[in-house]
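Peer 1: Have a peek at start_19.cif (mmCIF, N, CA and C atoms).
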data_input
#
loop_
_atom_site.label_atom_id
_atom_site.label_comp_id
_atom_site.auth_asym_id
_atom_site.auth_seq_id
_atom_site.Cartn_x
_atom_site.Cartn_y
_atom_site.Cartn_z
N SER A 1 31.99 25.96 -57.80
CA SER A 1 32.24 24.68 -57.15
C SER A 1 32.47 24.91 -55.66
N PRO A 2 32.09 23.91 -54.83
CA PRO A 2 32.26 24.07 -53.38
C PRO A 2 33.73 24.19 -53.00
N ASN A 3 33.97 24.98 -52.01
CA ASN A 3 35.32 25.20 -51.52
C ASN A 3 35.53 24.32 -50.29
N SER A 4 36.58 23.50 -50.29
CA SER A 4 36.85 22.62 -49.15
C SER A 4 37.25 23.39 -47.90
N ASP A 5 37.58 24.65 -48.04
CA ASP A 5 37.92 25.48 -46.89
C ASP A 5 36.73 26.31 -46.42
N GLY A 6 35.53 25.95 -46.84
CA GLY A 6 34.32 26.69 -46.46
C GLY A 6 34.02 26.53 -44.97
N PHE A 7 32.75 26.64 -44.62
CA PHE A 7 32.33 26.63 -43.21
C PHE A 7 32.81 25.38 -42.47
N PHE A 8 32.75 24.21 -43.12
CA PHE A 8 33.14 22.97 -42.46
C PHE A 8 34.56 22.53 -42.79
N GLY A 9 35.31 23.35 -43.43
CA GLY A 9 36.66 22.96 -43.82
C GLY A 9 37.70 23.61 -42.94
N GLY A 10 38.93 23.41 -43.29
CA GLY A 10 40.04 24.04 -42.61
C GLY A 10 40.37 23.46 -41.26
N GLY A 11 39.88 22.26 -40.94
CA GLY A 11 40.22 21.62 -39.67
C GLY A 11 39.62 22.30 -38.45
N LYS A 12 38.55 23.05 -38.64
CA LYS A 12 37.95 23.77 -37.51
C LYS A 12 36.58 23.22 -37.13
N THR A 13 36.25 22.05 -37.65
CA THR A 13 34.97 21.40 -37.35
C THR A 13 35.23 20.04 -36.75
N LEU A 14 34.45 19.71 -35.73
CA LEU A 14 34.63 18.44 -35.06
C LEU A 14 33.27 17.79 -34.87
N LEU A 15 33.17 16.52 -35.23
CA LEU A 15 31.95 15.73 -35.05
C LEU A 15 32.24 14.66 -34.02
N ARG A 16 31.40 14.59 -32.98
CA ARG A 16 31.60 13.61 -31.91
C ARG A 16 30.34 12.79 -31.73
N GLY A 17 30.51 11.58 -31.28
CA GLY A 17 29.37 10.72 -30.99
C GLY A 17 29.73 9.72 -29.92
N GLY A 18 28.73 9.27 -29.21
CA GLY A 18 28.99 8.28 -28.17
C GLY A 18 27.74 7.47 -27.88
N PHE A 19 27.95 6.28 -27.34
CA PHE A 19 26.84 5.39 -27.01
C PHE A 19 27.28 4.53 -25.83
N GLY A 20 26.37 4.30 -24.92
CA GLY A 20 26.68 3.45 -23.77
C GLY A 20 25.47 2.65 -23.34
N VAL A 21 25.73 1.45 -22.84
CA VAL A 21 24.69 0.60 -22.28
C VAL A 21 25.05 0.37 -20.82
N PHE A 22 24.16 0.76 -19.95
CA PHE A 22 24.38 0.60 -18.51
C PHE A 22 23.33 -0.37 -18.00
N TYR A 23 23.78 -1.42 -17.33
CA TYR A 23 22.83 -2.43 -16.86
C TYR A 23 23.22 -2.90 -15.48
N GLY A 24 22.25 -3.45 -14.80
CA GLY A 24 22.51 -3.95 -13.46
C GLY A 24 21.26 -4.56 -12.86
N PRO A 25 21.37 -5.00 -11.63
CA PRO A 25 20.26 -5.71 -10.99
C PRO A 25 19.16 -4.80 -10.47
N GLY A 26 19.30 -3.49 -10.61
CA GLY A 26 18.30 -2.60 -10.03
C GLY A 26 18.68 -2.24 -8.61
N GLN A 27 17.86 -1.42 -8.00
CA GLN A 27 18.12 -1.00 -6.63
C GLN A 27 17.85 -2.16 -5.67
N THR A 28 18.69 -2.31 -4.69
CA THR A 28 18.53 -3.40 -3.73
C THR A 28 17.19 -3.33 -3.05
N GLU A 29 16.76 -2.13 -2.70
CA GLU A 29 15.47 -2.00 -2.02
C GLU A 29 14.34 -2.56 -2.89
N ASP A 30 14.41 -2.32 -4.19
CA ASP A 30 13.38 -2.84 -5.09
C ASP A 30 13.42 -4.36 -5.13
N GLN A 31 14.60 -4.93 -5.01
CA GLN A 31 14.73 -6.38 -5.10
C GLN A 31 14.20 -7.09 -3.85
N ILE A 32 14.26 -6.43 -2.70
CA ILE A 32 13.81 -7.09 -1.47
C ILE A 32 12.35 -6.81 -1.14
N GLN A 33 11.67 -6.04 -1.97
CA GLN A 33 10.29 -5.71 -1.65
C GLN A 33 9.39 -6.93 -1.50
N PRO A 34 9.51 -7.97 -2.32
CA PRO A 34 8.66 -9.13 -2.07
C PRO A 34 8.90 -9.76 -0.70
N ILE A 35 10.13 -9.68 -0.20
CA ILE A 35 10.42 -10.20 1.14
C ILE A 35 9.71 -9.35 2.17
N GLU A 36 9.79 -8.03 2.01
CA GLU A 36 9.13 -7.11 2.93
C GLU A 36 7.62 -7.28 2.90
N SER A 37 7.09 -7.76 1.80
CA SER A 37 5.65 -7.90 1.64
C SER A 37 5.08 -9.00 2.52
N ASP A 38 5.87 -9.99 2.81
CA ASP A 38 5.36 -11.18 3.49
C ASP A 38 5.49 -11.10 5.00
N ARG A 39 5.25 -9.95 5.57
CA ARG A 39 5.33 -9.84 7.01
C ARG A 39 4.25 -8.92 7.53
N ILE A 40 3.90 -9.14 8.75
CA ILE A 40 2.97 -8.27 9.47
C ILE A 40 3.77 -7.66 10.60
N SER A 41 3.64 -6.36 10.80
CA SER A 41 4.49 -5.70 11.78
C SER A 41 3.70 -4.77 12.68
N SER A 42 4.31 -4.44 13.78
CA SER A 42 3.80 -3.43 14.71
C SER A 42 4.91 -2.43 14.96
N THR A 43 4.54 -1.18 15.14
CA THR A 43 5.51 -0.14 15.44
C THR A 43 5.24 0.38 16.84
N PHE A 44 6.27 0.40 17.65
CA PHE A 44 6.15 0.91 19.02
C PHE A 44 6.64 2.35 19.03
N THR A 45 5.82 3.23 19.54
CA THR A 45 6.22 4.63 19.64
C THR A 45 6.36 5.08 21.08
N GLY A 46 6.10 4.20 21.98
CA GLY A 46 6.21 4.53 23.40
C GLY A 46 6.40 3.25 24.18
N PRO A 47 6.19 3.29 25.48
CA PRO A 47 6.35 2.09 26.30
C PRO A 47 5.44 0.96 25.81
N ILE A 48 5.93 -0.27 25.91
CA ILE A 48 5.13 -1.42 25.52
C ILE A 48 4.21 -1.75 26.70
N PRO A 49 2.88 -1.60 26.52
CA PRO A 49 1.96 -1.86 27.63
C PRO A 49 2.12 -3.29 28.13
N PRO A 50 1.97 -3.55 29.38
CA PRO A 50 1.50 -2.64 30.44
C PRO A 50 2.63 -1.83 31.07
N SER A 51 3.85 -1.97 30.56
CA SER A 51 4.98 -1.25 31.15
C SER A 51 4.84 0.26 30.91
N THR A 52 5.41 1.03 31.79
CA THR A 52 5.47 2.48 31.60
C THR A 52 6.91 2.93 31.36
N THR A 53 7.81 1.95 31.28
CA THR A 53 9.22 2.25 31.04
C THR A 53 9.41 2.64 29.58
N PRO A 54 10.05 3.78 29.30
CA PRO A 54 10.27 4.18 27.91
C PRO A 54 11.08 3.13 27.15
N LEU A 55 10.88 3.08 25.85
CA LEU A 55 11.63 2.14 25.02
C LEU A 55 13.11 2.47 25.09
N ALA A 56 13.92 1.45 25.16
CA ALA A 56 15.37 1.63 25.22
C ALA A 56 16.01 0.42 24.56
N PHE A 57 17.26 0.59 24.17
CA PHE A 57 18.02 -0.51 23.61
C PHE A 57 18.75 -1.21 24.74
N PRO A 58 18.77 -2.51 24.82
CA PRO A 58 18.10 -3.45 23.93
C PRO A 58 16.61 -3.58 24.28
N LEU A 59 15.80 -3.85 23.28
CA LEU A 59 14.36 -4.01 23.44
C LEU A 59 14.08 -5.30 24.18
N ASP A 60 13.12 -5.26 25.06
CA ASP A 60 12.68 -6.47 25.77
C ASP A 60 11.85 -7.28 24.78
N THR A 61 12.47 -8.27 24.14
CA THR A 61 11.80 -9.02 23.09
C THR A 61 10.60 -9.80 23.61
N ASN A 62 10.68 -10.30 24.83
CA ASN A 62 9.54 -11.04 25.39
C ASN A 62 8.32 -10.13 25.52
N ALA A 63 8.51 -8.90 25.96
CA ALA A 63 7.40 -7.95 26.08
C ALA A 63 6.86 -7.60 24.70
N ALA A 64 7.73 -7.43 23.73
CA ALA A 64 7.29 -7.10 22.37
C ALA A 64 6.48 -8.24 21.77
N ILE A 65 6.93 -9.48 21.95
CA ILE A 65 6.20 -10.63 21.43
C ILE A 65 4.85 -10.76 22.12
N ALA A 66 4.83 -10.60 23.43
CA ALA A 66 3.57 -10.69 24.17
C ALA A 66 2.58 -9.62 23.69
N PHE A 67 3.08 -8.42 23.43
CA PHE A 67 2.21 -7.35 22.94
C PHE A 67 1.68 -7.69 21.54
N PHE A 68 2.55 -8.22 20.69
CA PHE A 68 2.17 -8.51 19.31
C PHE A 68 1.12 -9.61 19.22
N ILE A 69 1.27 -10.67 20.01
CA ILE A 69 0.35 -11.81 19.89
C ILE A 69 -0.93 -11.63 20.71
N ASN A 70 -1.02 -10.57 21.49
CA ASN A 70 -2.22 -10.31 22.28
C ASN A 70 -3.35 -9.89 21.34
N PRO A 71 -4.47 -10.64 21.30
CA PRO A 71 -5.58 -10.30 20.40
C PRO A 71 -6.13 -8.89 20.60
N ALA A 72 -5.98 -8.33 21.79
CA ALA A 72 -6.48 -6.98 22.05
C ALA A 72 -5.70 -5.92 21.25
N ASN A 73 -4.52 -6.27 20.78
CA ASN A 73 -3.68 -5.30 20.06
C ASN A 73 -3.69 -5.51 18.55
N VAL A 74 -4.68 -6.23 18.04
CA VAL A 74 -4.71 -6.55 16.62
C VAL A 74 -4.76 -5.29 15.75
N ASN A 75 -5.33 -4.21 16.22
CA ASN A 75 -5.43 -2.99 15.42
C ASN A 75 -4.12 -2.22 15.34
N THR A 76 -3.10 -2.65 16.05
CA THR A 76 -1.81 -1.96 15.97
C THR A 76 -0.91 -2.58 14.91
N ARG A 77 -1.39 -3.61 14.26
CA ARG A 77 -0.59 -4.30 13.25
C ARG A 77 -0.82 -3.69 11.88
N SER A 78 0.18 -3.81 11.02
CA SER A 78 0.02 -3.32 9.66
C SER A 78 0.53 -4.36 8.67
N TYR A 79 -0.11 -4.36 7.52
CA TYR A 79 0.27 -5.27 6.44
C TYR A 79 0.26 -4.45 5.16
N GLN A 80 1.37 -4.43 4.45
CA GLN A 80 1.47 -3.66 3.22
C GLN A 80 1.94 -4.58 2.10
N PRO A 81 1.00 -5.20 1.40
CA PRO A 81 1.41 -6.13 0.34
C PRO A 81 2.07 -5.39 -0.82
N ARG A 82 3.07 -6.02 -1.40
CA ARG A 82 3.79 -5.48 -2.55
C ARG A 82 3.92 -6.58 -3.58
N ALA A 83 3.93 -6.19 -4.82
CA ALA A 83 4.03 -7.19 -5.88
C ALA A 83 4.79 -6.63 -7.07
N TYR A 84 5.37 -7.52 -7.84
CA TYR A 84 6.04 -7.16 -9.08
C TYR A 84 5.09 -7.42 -10.25
N SER A 85 5.28 -6.68 -11.31
CA SER A 85 4.58 -6.97 -12.55
C SER A 85 5.06 -8.32 -13.06
N SER A 86 4.18 -9.07 -13.69
CA SER A 86 4.58 -10.40 -14.16
C SER A 86 5.61 -10.33 -15.29
N ASN A 87 5.75 -9.19 -15.95
CA ASN A 87 6.74 -9.09 -17.03
C ASN A 87 7.99 -8.32 -16.61
N TYR A 88 8.20 -8.13 -15.31
CA TYR A 88 9.42 -7.46 -14.83
C TYR A 88 10.63 -8.35 -15.11
N GLN A 89 11.66 -7.77 -15.70
CA GLN A 89 12.85 -8.54 -16.05
C GLN A 89 14.10 -7.89 -15.48
N ILE A 90 15.05 -8.73 -15.16
CA ILE A 90 16.36 -8.27 -14.71
C ILE A 90 17.35 -8.76 -15.76
N PRO A 91 18.33 -8.03 -16.18
CA PRO A 91 18.79 -6.78 -15.61
C PRO A 91 18.04 -5.57 -16.18
N GLU A 92 18.04 -4.51 -15.40
CA GLU A 92 17.52 -3.24 -15.88
C GLU A 92 18.60 -2.63 -16.78
N LYS A 93 18.18 -1.93 -17.83
CA LYS A 93 19.15 -1.36 -18.77
C LYS A 93 18.79 0.08 -19.09
N VAL A 94 19.82 0.89 -19.31
CA VAL A 94 19.64 2.25 -19.80
C VAL A 94 20.61 2.43 -20.97
N TYR A 95 20.07 2.87 -22.10
CA TYR A 95 20.88 3.18 -23.28
C TYR A 95 21.04 4.70 -23.32
N GLN A 96 22.29 5.15 -23.42
CA GLN A 96 22.56 6.59 -23.52
C GLN A 96 23.34 6.85 -24.80
N TYR A 97 23.00 7.95 -25.46
CA TYR A 97 23.67 8.27 -26.72
C TYR A 97 23.79 9.78 -26.86
N THR A 98 24.78 10.18 -27.62
CA THR A 98 25.01 11.60 -27.86
C THR A 98 25.70 11.80 -29.20
N VAL A 99 25.39 12.91 -29.84
CA VAL A 99 26.09 13.32 -31.05
C VAL A 99 26.21 14.84 -30.99
N SER A 100 27.37 15.35 -31.37
CA SER A 100 27.56 16.80 -31.33
C SER A 100 28.46 17.23 -32.49
N ILE A 101 28.28 18.47 -32.87
CA ILE A 101 29.15 19.07 -33.87
C ILE A 101 29.66 20.38 -33.29
N GLN A 102 30.96 20.60 -33.45
CA GLN A 102 31.62 21.81 -32.94
C GLN A 102 32.27 22.53 -34.11
N GLN A 103 32.13 23.83 -34.08
CA GLN A 103 32.75 24.65 -35.12
C GLN A 103 33.44 25.83 -34.46
N GLU A 104 34.73 25.99 -34.78
CA GLU A 104 35.45 27.16 -34.29
C GLU A 104 35.03 28.35 -35.15
N LEU A 105 34.44 29.35 -34.49
CA LEU A 105 33.99 30.54 -35.22
C LEU A 105 35.13 31.51 -35.44
N PHE A 106 35.85 31.81 -34.39
CA PHE A 106 37.07 32.61 -34.47
C PHE A 106 37.89 32.29 -33.24
N ASN A 107 39.02 32.91 -33.08
CA ASN A 107 39.97 32.57 -32.02
C ASN A 107 39.28 32.52 -30.65
N ASP A 108 39.42 31.39 -29.94
CA ASP A 108 38.89 31.17 -28.59
C ASP A 108 37.36 31.19 -28.51
N THR A 109 36.67 30.99 -29.61
CA THR A 109 35.20 30.94 -29.60
C THR A 109 34.75 29.73 -30.42
N VAL A 110 33.94 28.87 -29.77
CA VAL A 110 33.48 27.65 -30.42
C VAL A 110 31.96 27.58 -30.28
N LEU A 111 31.29 27.16 -31.33
CA LEU A 111 29.85 26.92 -31.31
C LEU A 111 29.63 25.41 -31.30
N THR A 112 28.81 24.93 -30.36
CA THR A 112 28.54 23.51 -30.26
C THR A 112 27.03 23.28 -30.31
N ALA A 113 26.62 22.32 -31.11
CA ALA A 113 25.23 21.86 -31.14
C ALA A 113 25.26 20.37 -30.84
N ALA A 114 24.41 19.93 -29.91
CA ALA A 114 24.47 18.53 -29.50
C ALA A 114 23.07 17.97 -29.28
N TYR A 115 22.97 16.66 -29.40
CA TYR A 115 21.75 15.93 -29.07
C TYR A 115 22.15 14.83 -28.11
N VAL A 116 21.47 14.77 -26.99
CA VAL A 116 21.76 13.77 -25.97
C VAL A 116 20.45 13.06 -25.65
N GLY A 117 20.49 11.76 -25.56
CA GLY A 117 19.27 11.02 -25.25
C GLY A 117 19.55 9.78 -24.43
N SER A 118 18.50 9.25 -23.85
CA SER A 118 18.61 7.99 -23.11
C SER A 118 17.27 7.28 -23.15
N GLN A 119 17.33 5.98 -23.10
CA GLN A 119 16.14 5.15 -23.08
C GLN A 119 16.34 4.05 -22.05
N GLY A 120 15.34 3.84 -21.22
CA GLY A 120 15.41 2.79 -20.22
C GLY A 120 14.62 1.57 -20.65
N ARG A 121 15.10 0.41 -20.29
CA ARG A 121 14.41 -0.84 -20.59
C ARG A 121 14.38 -1.69 -19.32
N ASN A 122 13.25 -2.32 -19.08
CA ASN A 122 13.05 -3.21 -17.93
C ASN A 122 13.26 -2.49 -16.60
N LEU A 123 12.92 -1.22 -16.54
CA LEU A 123 13.11 -0.47 -15.30
C LEU A 123 11.97 -0.75 -14.34
N PHE A 124 12.30 -0.79 -13.06
CA PHE A 124 11.30 -1.00 -12.02
C PHE A 124 10.39 0.22 -11.98
N LEU A 125 9.10 0.01 -11.95
CA LEU A 125 8.14 1.10 -11.95
C LEU A 125 7.32 1.05 -10.67
N ARG A 126 7.39 2.12 -9.92
CA ARG A 126 6.55 2.23 -8.74
C ARG A 126 5.23 2.87 -9.15
N SER A 127 4.16 2.33 -8.63
CA SER A 127 2.86 2.95 -8.89
C SER A 127 2.07 2.96 -7.59
N VAL A 128 1.14 3.86 -7.53
CA VAL A 128 0.30 4.00 -6.35
C VAL A 128 -1.07 3.46 -6.70
N ALA A 129 -1.53 2.47 -5.95
CA ALA A 129 -2.83 1.86 -6.23
C ALA A 129 -3.98 2.76 -5.79
N ASN A 130 -3.78 3.51 -4.73
CA ASN A 130 -4.83 4.37 -4.20
C ASN A 130 -4.61 5.79 -4.72
N LYS A 131 -4.91 5.99 -6.00
CA LYS A 131 -4.61 7.26 -6.65
C LYS A 131 -5.60 8.35 -6.26
N ILE A 132 -5.13 9.57 -6.27
CA ILE A 132 -5.99 10.73 -6.04
C ILE A 132 -6.70 11.03 -7.35
N LEU A 133 -8.01 11.11 -7.29
CA LEU A 133 -8.79 11.40 -8.49
C LEU A 133 -8.94 12.90 -8.64
N LEU A 134 -8.46 13.43 -9.74
CA LEU A 134 -8.56 14.86 -9.97
C LEU A 134 -10.02 15.27 -10.09
N GLY A 135 -10.35 16.41 -9.49
CA GLY A 135 -11.71 16.90 -9.55
C GLY A 135 -12.60 16.40 -8.43
N GLN A 136 -12.13 15.45 -7.66
CA GLN A 136 -12.92 14.94 -6.55
C GLN A 136 -12.60 15.77 -5.31
N THR A 137 -13.55 16.57 -4.86
CA THR A 137 -13.29 17.44 -3.71
C THR A 137 -14.12 17.07 -2.50
N THR A 138 -15.07 16.18 -2.65
CA THR A 138 -15.93 15.82 -1.53
C THR A 138 -15.62 14.40 -1.09
N VAL A 139 -15.36 14.23 0.18
CA VAL A 139 -15.13 12.91 0.74
C VAL A 139 -16.36 12.56 1.56
N LEU A 140 -17.09 11.56 1.12
CA LEU A 140 -18.30 11.15 1.82
C LEU A 140 -17.93 10.17 2.91
N SER A 141 -18.50 10.34 4.07
CA SER A 141 -18.26 9.40 5.16
C SER A 141 -19.60 8.88 5.66
N ASN A 142 -19.55 7.73 6.29
CA ASN A 142 -20.76 7.08 6.83
C ASN A 142 -21.81 6.85 5.75
N VAL A 143 -21.35 6.47 4.56
CA VAL A 143 -22.30 6.21 3.47
C VAL A 143 -22.46 4.73 3.30
#
Would it be possible to restate this file's structure as structure tokens?
Peer 2:
Amino acid sequence: SPNSDGFFGGGKTLLRGGFGVFYGPGQTEDQIQPIESDRISSTFTGPIPPSTTPLAFPLDTNAAIAFFINPANVNTRSYQPRAYSSNYQIPEKVYQYTVSIQQELFNDTVLTAAYVGSQGRNLFLRSVANKILLGQTTVLSNV
């Protein structure tokens, strides 16, 4: 017959478990991306033409506006559209769980076996639309 003081007996075995749900609105930067999408911008890396004065704080807003609306500078503008998936939901959630068993082998020595896992739900996913195609080594130009 089994002995209650065997490997799992004698008060030297411990079973632990845990579970948690972590949720929230996601990263603030991810939430404001649609706002960032609806703008056209220019970046100044030197003096705003026709001035030769280096950029300094505070920026001469009139010169910046004049530079931006000048049709000759249209190629200095950038537009980076961003969009959310139509099934993106808030709040984002992460489920975390763990289970472990501990057994005291002898004085001051413990053996632990554990399983830890997590699953995310409704997480924001960044993707790159202009993906690098593996195996493509030739870039054709003027075609």
Peer 1: Dig up all the protein and nucleic acid residues within 8 Å of (17.0, -11.9, -9.8) in the file frame, using all atoms listed in the file, and format them as a VMD selection string.
Peer 2: chain A and resid 25 31 89 to 91
Peer 1: Quick one: residues within 10 Å of A:Gln102, only C-alpha atoms counted, chain neighbours fewer than 2 positions away excluded, as an mmCIF file with N, CA and C atoms, in the frame of the given file?
Peer 2:
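After the write, around.cif holds the following:
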data_model
loop_
_atom_site.group_PDB
_atom_site.id
_atom_site.type_symbol
_atom_site.label_atom_id
_atom_site.label_comp_id
_atom_site.auth_asym_id
_atom_site.auth_seq_id
_atom_site.Cartn_x
_atom_site.Cartn_y
_atom_site.Cartn_z
ATOM 1 N N PHE A 8 32.750 24.210 -43.120
ATOM 2 C CA PHE A 8 33.140 22.970 -42.460
ATOM 3 C C PHE A 8 34.560 22.530 -42.790
ATOM 4 N N LYS A 12 38.550 23.050 -38.640
ATOM 5 C CA LYS A 12 37.950 23.770 -37.510
ATOM 6 C C LYS A 12 36.580 23.220 -37.130
ATOM 7 N N THR A 13 36.250 22.050 -37.650
ATOM 8 C CA THR A 13 34.970 21.400 -37.350
ATOM 9 C C THR A 13 35.230 20.040 -36.750
ATOM 10 N N LEU A 14 34.450 19.710 -35.730
ATOM 11 C CA LEU A 14 34.630 18.440 -35.060
ATOM 12 C C LEU A 14 33.270 17.790 -34.870
ATOM 13 N N LEU A 15 33.170 16.520 -35.230
ATOM 14 C CA LEU A 15 31.950 15.730 -35.050
ATOM 15 C C LEU A 15 32.240 14.660 -34.020
ATOM 16 N N ARG A 16 31.400 14.590 -32.980
ATOM 17 C CA ARG A 16 31.600 13.610 -31.910
ATOM 18 C C ARG A 16 30.340 12.790 -31.730
ATOM 19 N N SER A 100 27.370 15.350 -31.370
ATOM 20 C CA SER A 100 27.560 16.800 -31.330
ATOM 21 C C SER A 100 28.460 17.230 -32.490
ATOM 22 N N GLU A 104 34.730 25.990 -34.780
ATOM 23 C CA GLU A 104 35.450 27.160 -34.290
ATOM 24 C C GLU A 104 35.030 28.350 -35.150
ATOM 25 N N LEU A 105 34.440 29.350 -34.490
ATOM 26 C CA LEU A 105 33.990 30.540 -35.220
ATOM 27 C C LEU A 105 35.130 31.510 -35.440
ATOM 28 N N VAL A 110 33.940 28.870 -29.770
ATOM 29 C CA VAL A 110 33.480 27.650 -30.420
ATOM 30 C C VAL A 110 31.960 27.580 -30.280
ATOM 31 N N LEU A 111 31.290 27.160 -31.330
ATOM 32 C CA LEU A 111 29.850 26.920 -31.310
ATOM 33 C C LEU A 111 29.630 25.410 -31.300
ATOM 34 N N THR A 112 28.810 24.930 -30.360
ATOM 35 C CA THR A 112 28.540 23.510 -30.260
ATOM 36 C C THR A 112 27.030 23.280 -30.310
ATOM 37 N N ALA A 113 26.620 22.320 -31.110
ATOM 38 C CA ALA A 113 25.230 21.860 -31.140
ATOM 39 C C ALA A 113 25.260 20.370 -30.840
ATOM 40 N N ALA A 114 24.410 19.930 -29.910
ATOM 41 C CA ALA A 114 24.470 18.530 -29.500
ATOM 42 C C ALA A 114 23.070 17.970 -29.280
#
Peer 1: Can you work out the spacing between atom C of A:Arg121 and atom N of A:Asn87 in Å, to one decimal?
Peer 2: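 Those two atoms sit 11.9 Å apart.
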Peer 1: To one decimal place in Å, what is the distance between atom CA of A:Phe124 and atom CA of A:Glu92?
Peer 2: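 Taking atom CA of A:Phe124 and atom CA of A:Glu92, their separation equals 7.7 Å.
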Peer 1: Can you tell me how far atom CA of A:Gln103 sits from atom CA of A:Val116, in Å to one decimal?
Peer 2: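 Atom-to-atom, atom CA of A:Gln103 to atom CA of A:Val116, that is 18.0 Å.
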Peer 1: Just checking: using all atoms listed in the file, which residue out of A:Ile48, A:Val94, A:Ala56, A:Ala72 ends up closest to A:Ser118?
Peer 2: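 That would be A:Val94, the residue with the smallest distance to A:Ser118.
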Peer 1: Measuring between all atoms listed in the file, which one of A:Phe57, A:Phe67, A:Phe22, A:Tyr115 shows the shortest distance to A:Tyr97?
Peer 2: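 That would be A:Tyr115, the residue with the smallest distance to A:Tyr97.
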Peer 1: For the PyMOL selection byres ((chain A and resi 21) around 6), applied here, can you spell out every residue it catches as an NGL selection string?
Peer 2: :A and (19-20 or 22-23 or 94-96)
